[in-house]
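Peer 1: You'll find data.txt just under this line, and it carries compact mmCIF, C-alpha atoms and all ligand atoms.
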# COMPACT_ATOMS: atom_id res chain seq x y z
CA MET J 2 107.77 93.10 110.84
CA ALA J 3 106.06 90.57 108.55
CA GLN J 4 107.65 90.22 105.11
CA PRO J 5 105.93 89.23 101.86
CA HIS J 6 105.94 85.45 101.45
CA ALA J 7 108.04 85.23 98.28
CA ILE J 8 110.84 87.31 99.74
CA THR J 9 111.08 85.61 103.12
CA GLN J 10 111.39 82.31 101.24
CA ALA J 11 114.78 83.48 99.97
CA LEU J 12 117.58 81.71 101.80
CA TRP J 13 120.24 84.09 103.13
CA THR J 14 123.72 82.84 103.91
CA VAL J 15 125.61 84.83 106.51
CA VAL J 16 129.37 84.35 106.34
CA GLY J 17 131.46 84.06 109.48
CA GLU J 18 130.38 84.26 113.06
CA GLY J 19 131.41 87.77 114.01
CA ALA J 20 129.15 89.93 116.15
CA ILE J 21 127.52 91.78 113.24
CA GLY J 22 127.09 88.49 111.35
CA LEU J 23 125.30 86.78 114.23
CA LEU J 24 123.24 89.90 114.95
CA SER J 25 122.11 90.02 111.30
CA ALA J 26 121.42 86.29 111.17
CA ALA J 27 119.35 86.49 114.35
CA ARG J 28 117.32 89.47 113.14
CA LEU J 29 116.73 87.92 109.70
CA HIS J 30 115.58 84.70 111.35
CA LEU J 31 113.27 86.56 113.75
CA ALA J 32 111.76 88.49 110.80
CA GLY J 33 110.82 85.19 109.13
CA TYR J 34 113.72 84.76 106.70
CA ARG J 35 115.38 81.43 106.05
CA VAL J 36 118.99 81.80 107.21
CA GLN J 37 122.04 79.58 107.18
CA LEU J 38 125.56 80.33 108.34
CA HIS J 39 128.71 79.71 106.34
CA ARG J 40 131.17 78.54 109.00
CA ARG J 41 134.27 76.44 109.20
CA ASN J 42 132.36 73.73 111.09
CA PRO J 43 129.14 72.57 109.45
CA GLY J 44 126.19 71.51 111.62
CA ILE J 45 123.75 73.39 113.80
CA PHE J 46 125.09 76.48 115.55
CA ASN J 47 123.35 77.29 118.83
CA PHE J 48 123.79 80.78 120.19
CA ALA J 49 122.19 83.25 122.56
CA PHE J 50 120.89 86.50 121.12
CA GLN J 51 120.32 89.38 123.53
CA SER J 52 118.85 92.76 122.73
CA ALA J 53 116.62 95.23 124.54
CA ALA J 54 113.54 93.48 123.07
CA HIS J 55 114.67 89.84 122.88
CA SER J 56 116.71 87.39 124.81
CA GLN J 57 116.57 83.98 123.33
CA GLN J 58 118.43 80.90 122.28
CA LEU J 59 118.66 80.41 118.50
CA SER J 60 119.73 77.44 116.39
CA LEU J 61 120.82 78.08 112.80
CA PRO J 62 122.13 75.54 110.31
CA SER J 63 125.40 75.84 108.43
CA GLN J 64 125.80 75.10 104.72
CA ILE J 65 122.69 73.03 104.13
CA GLN J 66 121.69 74.43 100.80
CA LEU J 67 123.80 75.19 97.74
CA PRO J 68 124.34 77.22 95.68
CA TYR J 69 124.27 80.39 97.76
CA SER J 70 122.01 83.02 96.19
CA TYR J 71 121.89 85.76 98.84
CA ILE J 72 125.04 86.27 100.86
CA LEU J 73 125.82 88.75 103.62
CA LEU J 74 129.56 88.98 104.23
CA PRO J 75 130.25 91.00 107.38
CA VAL J 76 133.92 90.06 107.68
CA LYS J 77 136.92 92.33 108.31
CA ALA J 78 138.23 94.10 105.21
CA TYR J 79 141.49 92.11 105.16
CA ALA J 80 139.55 88.80 105.10
CA VAL J 81 137.10 89.68 102.31
CA LEU J 82 139.16 88.62 99.28
CA ASP J 83 140.08 85.21 100.70
CA ALA J 84 136.49 84.64 101.86
CA ILE J 85 135.13 85.41 98.39
CA LYS J 86 137.68 83.18 96.66
CA GLN J 87 136.66 80.35 98.96
CA LEU J 88 132.95 81.01 98.38
CA PHE J 89 133.16 81.26 94.58
CA PRO J 90 132.44 77.61 93.75
CA LEU J 91 129.40 77.80 96.05
CA LEU J 92 127.81 80.89 94.49
CA ALA J 93 124.81 80.89 92.15
CA ASP J 94 125.45 82.52 88.77
CA ASN J 95 123.10 85.34 89.81
CA ALA J 96 124.17 85.50 93.48
CA GLN J 97 123.80 88.78 95.37
CA LEU J 98 126.68 89.58 97.72
CA VAL J 99 126.52 92.22 100.43
CA LEU J 100 129.84 93.40 101.89
CA SER J 101 129.94 95.17 105.26
CA HIS J 102 133.11 96.27 107.03
CA ASN J 103 135.19 99.26 108.10
CA GLY J 104 137.66 100.75 105.66
CA MET J 105 137.84 100.71 101.87
CA GLY J 106 139.65 98.92 99.08
CA THR J 107 137.77 95.63 98.85
CA ILE J 108 135.16 96.67 96.27
CA GLU J 109 137.87 97.20 93.66
CA GLN J 110 139.28 93.73 94.50
CA ILE J 111 135.94 91.93 94.19
CA LEU J 112 134.11 93.56 91.27
CA PRO J 113 136.39 92.18 88.52
CA LEU J 114 136.01 88.64 89.90
CA LEU J 115 132.21 88.48 89.61
CA LYS J 116 130.20 86.85 86.81
CA PRO J 117 128.00 89.21 84.75
CA GLU J 118 124.81 88.34 86.66
CA GLN J 119 126.36 88.42 90.16
CA GLY J 120 125.39 91.53 92.09
CA LEU J 121 127.59 93.39 94.59
CA TRP J 122 126.33 95.64 97.38
CA PHE J 123 127.87 97.49 100.30
CA LEU J 124 126.18 98.03 103.64
CA SER J 125 127.68 100.37 106.20
CA THR J 126 126.19 100.13 109.67
CA SER J 127 126.40 101.93 112.98
CA HIS J 128 124.74 99.08 114.91
CA GLY J 129 126.88 97.94 117.80
CA ALA J 130 127.18 94.29 118.79
CA PHE J 131 129.68 92.22 120.71
CA LYS J 132 130.29 88.64 121.70
CA PRO J 133 131.21 88.21 125.36
CA GLU J 134 131.76 84.55 124.46
CA ASP J 135 131.71 82.49 121.23
CA ALA J 136 128.04 81.56 121.34
CA THR J 137 126.50 84.78 122.66
CA VAL J 138 125.83 87.97 120.74
CA ILE J 139 124.62 91.14 122.43
CA HIS J 140 123.02 93.94 120.43
CA SER J 141 124.65 96.71 122.47
CA GLY J 142 123.88 99.77 120.38
CA VAL J 143 120.88 100.33 118.16
CA GLY J 144 122.09 102.08 115.03
CA GLN J 145 121.16 102.40 111.41
CA SER J 146 122.61 101.40 108.05
CA VAL J 147 123.11 102.65 104.53
CA LEU J 148 123.04 100.30 101.56
CA GLY J 149 124.09 100.83 97.96
CA ALA J 150 124.34 98.76 94.79
CA LEU J 151 127.82 98.61 93.26
CA ASN J 152 127.16 97.04 89.86
CA GLN J 153 124.41 96.66 87.30
CA ALA J 154 123.62 93.06 88.28
CA ALA J 155 122.64 94.23 91.75
CA PHE J 156 119.61 96.08 90.37
CA ALA J 157 118.08 92.83 89.08
CA GLN J 158 117.26 91.82 92.66
CA GLN J 159 117.04 95.18 94.33
CA THR J 160 113.78 94.63 96.24
CA ALA J 161 114.81 91.28 97.70
CA VAL J 162 118.16 92.60 98.94
CA GLU J 163 116.79 95.87 100.29
CA GLN J 164 113.97 94.20 102.22
CA ALA J 165 116.27 91.62 103.76
CA MET J 166 118.86 94.19 104.78
CA GLN J 167 116.08 96.29 106.31
CA ALA J 168 115.24 93.27 108.49
CA ALA J 169 118.87 92.45 109.25
CA LEU J 170 120.35 95.86 110.01
CA GLY J 171 117.63 98.48 109.54
CA PRO J 172 116.51 101.17 109.77
CA LEU J 173 118.03 101.35 106.34
CA VAL J 174 118.62 104.16 103.88
CA VAL J 175 119.21 103.00 100.33
CA LEU J 176 121.57 105.35 98.50
CA GLU J 177 121.82 105.72 94.75
CA ASP J 178 125.51 106.50 95.19
CA ILE J 179 127.02 104.98 98.30
CA TRP J 180 130.57 106.26 97.71
CA PRO J 181 130.23 109.60 99.58
CA ALA J 182 128.86 107.72 102.62
CA LEU J 183 131.78 105.26 102.47
CA TRP J 184 134.29 108.11 102.31
CA GLN J 185 132.62 109.91 105.20
CA LYS J 186 132.76 106.74 107.32
CA LEU J 187 136.39 106.35 106.27
CA ALA J 188 137.11 109.87 107.58
CA VAL J 189 135.69 108.97 110.98
CA ASN J 190 137.59 105.69 111.11
CA ALA J 191 140.84 107.28 109.88
CA VAL J 192 140.77 109.75 112.79
CA ILE J 193 139.22 107.89 115.72
CA ASN J 194 140.58 104.39 115.16
CA PRO J 195 144.33 105.04 114.76
CA LEU J 196 144.43 107.68 117.53
CA THR J 197 142.60 105.48 120.04
CA ALA J 198 144.74 102.49 119.04
CA LEU J 199 147.96 104.47 119.46
CA HIS J 200 146.98 106.02 122.79
CA GLN J 201 144.98 102.99 123.98
CA CYS J 202 142.05 105.12 125.07
CA LYS J 203 138.26 105.26 124.76
CA ASN J 204 136.78 107.24 121.86
CA GLY J 205 135.56 110.00 124.21
CA GLU J 206 139.12 110.72 125.36
CA LEU J 207 139.76 112.30 121.94
CA SER J 208 137.64 115.31 123.01
CA ASN J 209 140.56 116.27 125.26
CA SER J 210 142.30 119.39 123.88
CA LYS J 211 145.64 117.57 123.76
CA TYR J 212 144.36 115.72 120.66
CA THR J 213 142.91 118.77 118.86
CA ALA J 214 145.96 119.56 116.72
CA ALA J 215 146.46 115.94 115.61
CA ILE J 216 142.77 115.59 114.73
CA GLU J 217 142.85 118.81 112.72
CA LEU J 218 145.84 117.66 110.68
CA LEU J 219 144.34 114.22 109.99
CA ILE J 220 141.11 115.86 108.82
CA GLU J 221 142.83 118.44 106.61
CA GLU J 222 144.84 115.70 104.90
CA PHE J 223 141.76 113.52 104.53
CA VAL J 224 139.85 116.33 102.79
CA LEU J 225 142.77 116.84 100.42
CA VAL J 226 142.99 113.21 99.31
CA ALA J 227 139.21 112.81 99.17
CA LYS J 228 138.99 115.80 96.84
CA ALA J 229 141.68 114.32 94.56
CA SER J 230 139.54 111.13 94.50
CA ALA J 231 136.47 113.15 93.39
CA GLN J 232 134.85 113.27 96.85
CA ASP J 233 134.31 116.84 97.95
CA PHE J 234 133.98 117.44 101.70
CA SER J 235 134.51 120.59 103.71
CA ILE J 236 136.91 120.46 106.64
CA GLU J 237 134.08 121.75 108.87
CA ALA J 238 131.69 118.98 107.80
CA ILE J 239 134.24 116.26 108.61
CA GLN J 240 135.20 117.97 111.88
CA SER J 241 131.62 118.07 113.03
CA ARG J 242 130.99 114.43 112.00
CA VAL J 243 134.12 113.23 113.84
CA ALA J 244 133.14 115.26 116.93
CA GLN J 245 129.60 113.85 116.80
CA VAL J 246 130.77 110.21 116.59
CA THR J 247 133.35 110.85 119.33
CA ARG J 248 130.54 112.12 121.59
CA GLN J 249 128.05 109.40 120.65
CA THR J 250 130.57 106.61 121.21
CA ALA J 251 132.48 108.31 124.06
CA ASP J 252 132.32 105.24 126.29
CA ASN J 253 133.35 102.75 123.59
CA TYR J 254 136.73 101.43 122.65
CA SER J 255 137.14 101.59 118.86
CA SER J 256 137.54 98.35 116.93
CA MET J 257 141.19 99.20 116.21
CA GLN J 258 141.94 99.99 119.86
CA GLN J 259 140.56 96.55 120.72
CA ASP J 260 142.51 94.82 117.94
CA PHE J 261 145.78 96.32 119.17
CA ALA J 262 144.94 95.67 122.84
CA LYS J 263 144.32 91.99 122.01
CA GLY J 264 147.28 91.61 119.63
CA ARG J 265 144.97 90.89 116.67
CA ARG J 266 145.37 91.97 113.06
CA SER J 267 143.70 95.37 112.52
CA GLU J 268 142.07 97.14 109.57
CA LEU J 269 144.88 99.73 109.46
CA ASP J 270 145.79 98.84 105.84
CA TYR J 271 142.20 99.37 104.71
CA ILE J 272 141.74 102.65 106.62
CA THR J 273 144.97 104.69 106.87
CA GLY J 274 146.72 102.43 104.34
CA PHE J 275 143.91 102.98 101.82
CA LEU J 276 144.22 106.77 102.20
CA LEU J 277 147.99 106.59 101.73
CA LYS J 278 147.59 104.53 98.55
CA GLN J 279 145.08 107.03 97.15
CA ALA J 280 147.44 109.86 98.04
CA GLU J 281 150.30 108.15 96.23
CA GLN J 282 148.19 107.77 93.09
CA HIS J 283 147.51 111.51 93.16
CA GLN J 284 151.09 112.40 94.13
CA LEU J 285 150.01 113.88 97.45
CA GLN J 286 151.82 113.76 100.77
CA LEU J 287 149.87 112.93 103.94
CA PRO J 288 152.51 113.36 106.68
CA ALA J 289 150.12 113.03 109.65
CA HIS J 290 148.50 109.82 108.34
CA GLN J 291 151.93 108.51 107.28
CA ALA J 292 153.34 109.11 110.77
CA ILE J 293 150.49 107.38 112.60
CA TYR J 294 150.59 104.51 110.08
CA GLN J 295 154.31 103.93 110.75
CA LEU J 296 153.84 104.10 114.53
CA LEU J 297 151.01 101.57 114.45
CA LEU J 298 152.80 99.33 111.99
CA GLN J 299 155.63 98.97 114.49
CA LYS J 300 153.10 97.89 117.14
CA SER J 301 151.19 95.53 114.82
CA PRO J 302 151.43 91.78 115.30
CA ARG J 303 153.72 90.20 112.69
O1 LIG O 1 133.49 102.35 113.55
C1 LIG O 1 134.04 102.56 114.61
C2 LIG O 1 135.01 101.55 115.07
O2 LIG O 1 135.27 101.43 116.24
O3 LIG O 1 135.53 100.84 114.20
C3 LIG O 1 133.77 103.82 115.37
C4 LIG O 1 132.74 104.63 114.61
C5 LIG O 1 135.02 104.60 115.52
C6 LIG O 1 133.13 103.58 116.71
O4 LIG O 1 134.01 103.14 117.67
Could you write out this structure as structure tokens?

Peer 2:
Amino acid sequence: MAQPHAITQALWTVVGEGAIGLLSAARLHLAGYRVQLHRRNPGIFNFAFQSAAHSQQLSLPSQIQLPYSYILLPVKAYAVLDAIKQLFPLLADNAQLVLSHNGMGTIEQILPLLKPEQGLWFLSTSHGAFKPEDATVIHSGVGQSVLGALNQAAFAQQTAVEQAMQAALGPLVVLEDIWPALWQKLAVNAVINPLTALHQCKNGELSNSKYTAAIELLIEEFVLVAKASAQDFSIEAIQSRVAQVTRQTADNYSSMQQDFAKGRRSELDYITGFLLKQAEQHQLQLPAHQAIYQLLLQKSPR
């Protein structure tokens, strides 16, 4: 899709070299955007990009142009704060930052650190990508994304950010209020991810009736804490969303299952841990989430 000249001239910096980062960088580049990577090792990064429509070798530069004005930060929730602190000296005074990860809790950490003209956005995506090796990214599941502005400064450059994110991870729906979408995604992740990590199974396995009672409890508690946090969901709506994602991703291993299987740090603190912190603030008990949190904590790498 051809983009208007002025907007494709904007230089986007994609932080990290995770699967979603490389997928976005590749798609931005192929749509005519100027793209650089922010990586530990400067220089040209050569990688293979494979999707149903494309299979090609790409070369993208790292850190050639400062300051960074448009930044996509698809890094795990637990790495966001450190990444932003490291990026701060490199950011333009009116930089636009787009966060994208599972879980919640980072927005509250980042907003108070920004300068008045620096915009913050969140993009939540269902695109699937993986890296069979360091320099290959495969677009394994075509999904869609939602994007929302999180502060006033974001609106100053709304068109530029929306068009670029459409190219990177579209089809895109821009939401006036992204919070309900973030909570709904949190519900899915707070059920599927911990259960598949604990039982080391594929997402589809959770359709087995032996998990029904546990899923029901996790959903009931989620609805309770969401309501106390001003997010109203019905139990039925969350049940049907969880069942839908379980079906649609039946053959996948969740990100948390994979993190535990590989002994890596997981997003548990930003998914179940976030819910437990919210519950504490509202003096609520979430025994099912608490129990699964403790069990997974014992299995987490130190
Ligand atoms: O987001 C996911 C994840 O694995 O982190 C789901 C939706 C559960 C898909 O596996």

Peer 1: Please identify all protein, DNA and RNA residues within 12 Å of ligand LIG 1 (chain O), counting only C-alpha atoms and all ligand atoms, and report them as a PyMOL selection string.

Peer 2: chain J and resi 77-78+101-104+125-131+142+144+183+185-198+202-207+242-260+267-269+271-272

Peer 1: Determine the nearest neighbour of Asp94 of chain J from the options J:Gln110, J:Ser241, J:Gln295, J:Gln119, counting only C-alpha atoms.

Peer 2: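 Checking each candidate against Asp94 of chain J, we get J:Gln119 as the closest.
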
Peer 1: With only C-alpha atoms as the atoms that count, which of J:Gln164, J:Gln282, J:Ile220, J:Ala182 lies nearest to Ala32 of chain J?

Peer 2: J:Gln164

Peer 1: Please, what distance in Å, to one decimal, runs between atom CA of Thr273 of chain J and atom CA of Glu221 of chain J?

Peer 2: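 So the two atoms, atom CA of Thr273 of chain J and atom CA of Glu221 of chain J, lie 13.9 Å apart.
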
Peer 1: Which is closer to Val147 of chain J than all the others in J:Gln167, J:Gln299, J:Gln286, J:Ser70, using all atoms listed in the file?

Peer 2: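 Comparing J:Gln167, J:Gln299, J:Gln286, J:Ser70 against Val147 of chain J, the winner is J:Gln167.
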
Peer 1: Ranking J:Leu38, J:Leu124, J:Leu112, J:Leu276 by minimum distance to Gly171 of chain J and counting all atoms listed in the file, which one comes first?

Peer 2: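 Between J:Leu38, J:Leu124, J:Leu112, J:Leu276, the residue approaching Gly171 of chain J most closely is J:Leu124.
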
Peer 1: Separation of atom CA of Ala84 of chain J and atom CA of Val16 of chain J, in Å?

Peer 2: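 Value for the atom CA of Ala84 of chain J-atom CA of Val16 of chain J distance: 8.4 Å.
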
Peer 1: To one decimal place, how far is atom CA of Leu173 of chain J from atom CA of Phe275 of chain J in Å?

Peer 2: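 If I compute the distance from atom CA of Leu173 of chain J to atom CA of Phe275 of chain J, I get 26.3 Å.
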
Peer 1: Which neighbours of Ser52 of chain J fall inside 8 Å, counting all atoms listed in the file, when residues of the same chain fewer than 3 positions from it are skipped, and could you give them as a short mmCIF file (atom, residue, chain, number, x, y, z; two decimals) with C-alpha atoms, in the frame of the given file?

Peer 2:
data_model
loop_
_atom_site.label_atom_id
_atom_site.label_comp_id
_atom_site.auth_asym_id
_atom_site.auth_seq_id
_atom_site.Cartn_x
_atom_site.Cartn_y
_atom_site.Cartn_z
CA HIS J 55 114.67 89.84 122.88
CA SER J 56 116.71 87.39 124.81
CA ILE J 139 124.62 91.14 122.43
CA HIS J 140 123.02 93.94 120.43
CA SER J 141 124.65 96.71 122.47
#

Peer 1: Hey, what's within 12 Å of Glu134 of chain J if we count only C-alpha atoms and toss same-chain stuff fewer than 5 positions away? As a list in words, please?

Peer 2: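 My list of contacting residues is Glu18, Gly19, Ala20, Phe48, Ala49, Phe50 and Ile139 of chain J.
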
Peer 1: Create the file for the chosen residues now, containing C-alpha atoms and written as a PDB file, in the coordinates of the input.

Peer 2:
ATOM      1  CA  GLU J  18     130.380  84.260 113.060  1.00  0.00           C
ATOM      2  CA  GLY J  19     131.410  87.770 114.010  1.00  0.00           C
ATOM      3  CA  ALA J  20     129.150  89.930 116.150  1.00  0.00           C
ATOM      4  CA  PHE J  48     123.790  80.780 120.190  1.00  0.00           C
ATOM      5  CA  ALA J  49     122.190  83.250 122.560  1.00  0.00           C
ATOM      6  CA  PHE J  50     120.890  86.500 121.120  1.00  0.00           C
ATOM      7  CA  ILE J 139     124.620  91.140 122.430  1.00  0.00           C
TER       8      ILE J 139
END

Peer 1: Could you check which of J:Ser60, J:Ser301, J:Ser235, J:Gln279 is closest to Ala136 of chain J, using all atoms listed in the file?

Peer 2: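 Looking only at the distances to Ala136 of chain J, the closest residue turns out to be J:Ser60.
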
Peer 1: Just the residues within 9 Å of Val162 of chain J, please, counting only C-alpha atoms, with nothing from its chain fewer than 2 positions along; format it as a PyMOL selection string.

Peer 2: chain J and resi 71+97+99+122+155+158-160+164-167

Peer 1: Select, from J:Gly274, J:Pro75, J:Gly120, J:Gly106, the residue with the minimum atom-to-atom distance to Leu92 of chain J, counting only C-alpha atoms.

Peer 2: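 For Leu92 of chain J, the nearest of the candidates is J:Gly120.
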
Peer 1: With only C-alpha atoms as the counted atoms, please give the residues lying no more than 10 Å from Arg303 of chain J, apart from itself and same-chain residues fewer than 4 positions off, as a count of residues only.

Peer 2: 5
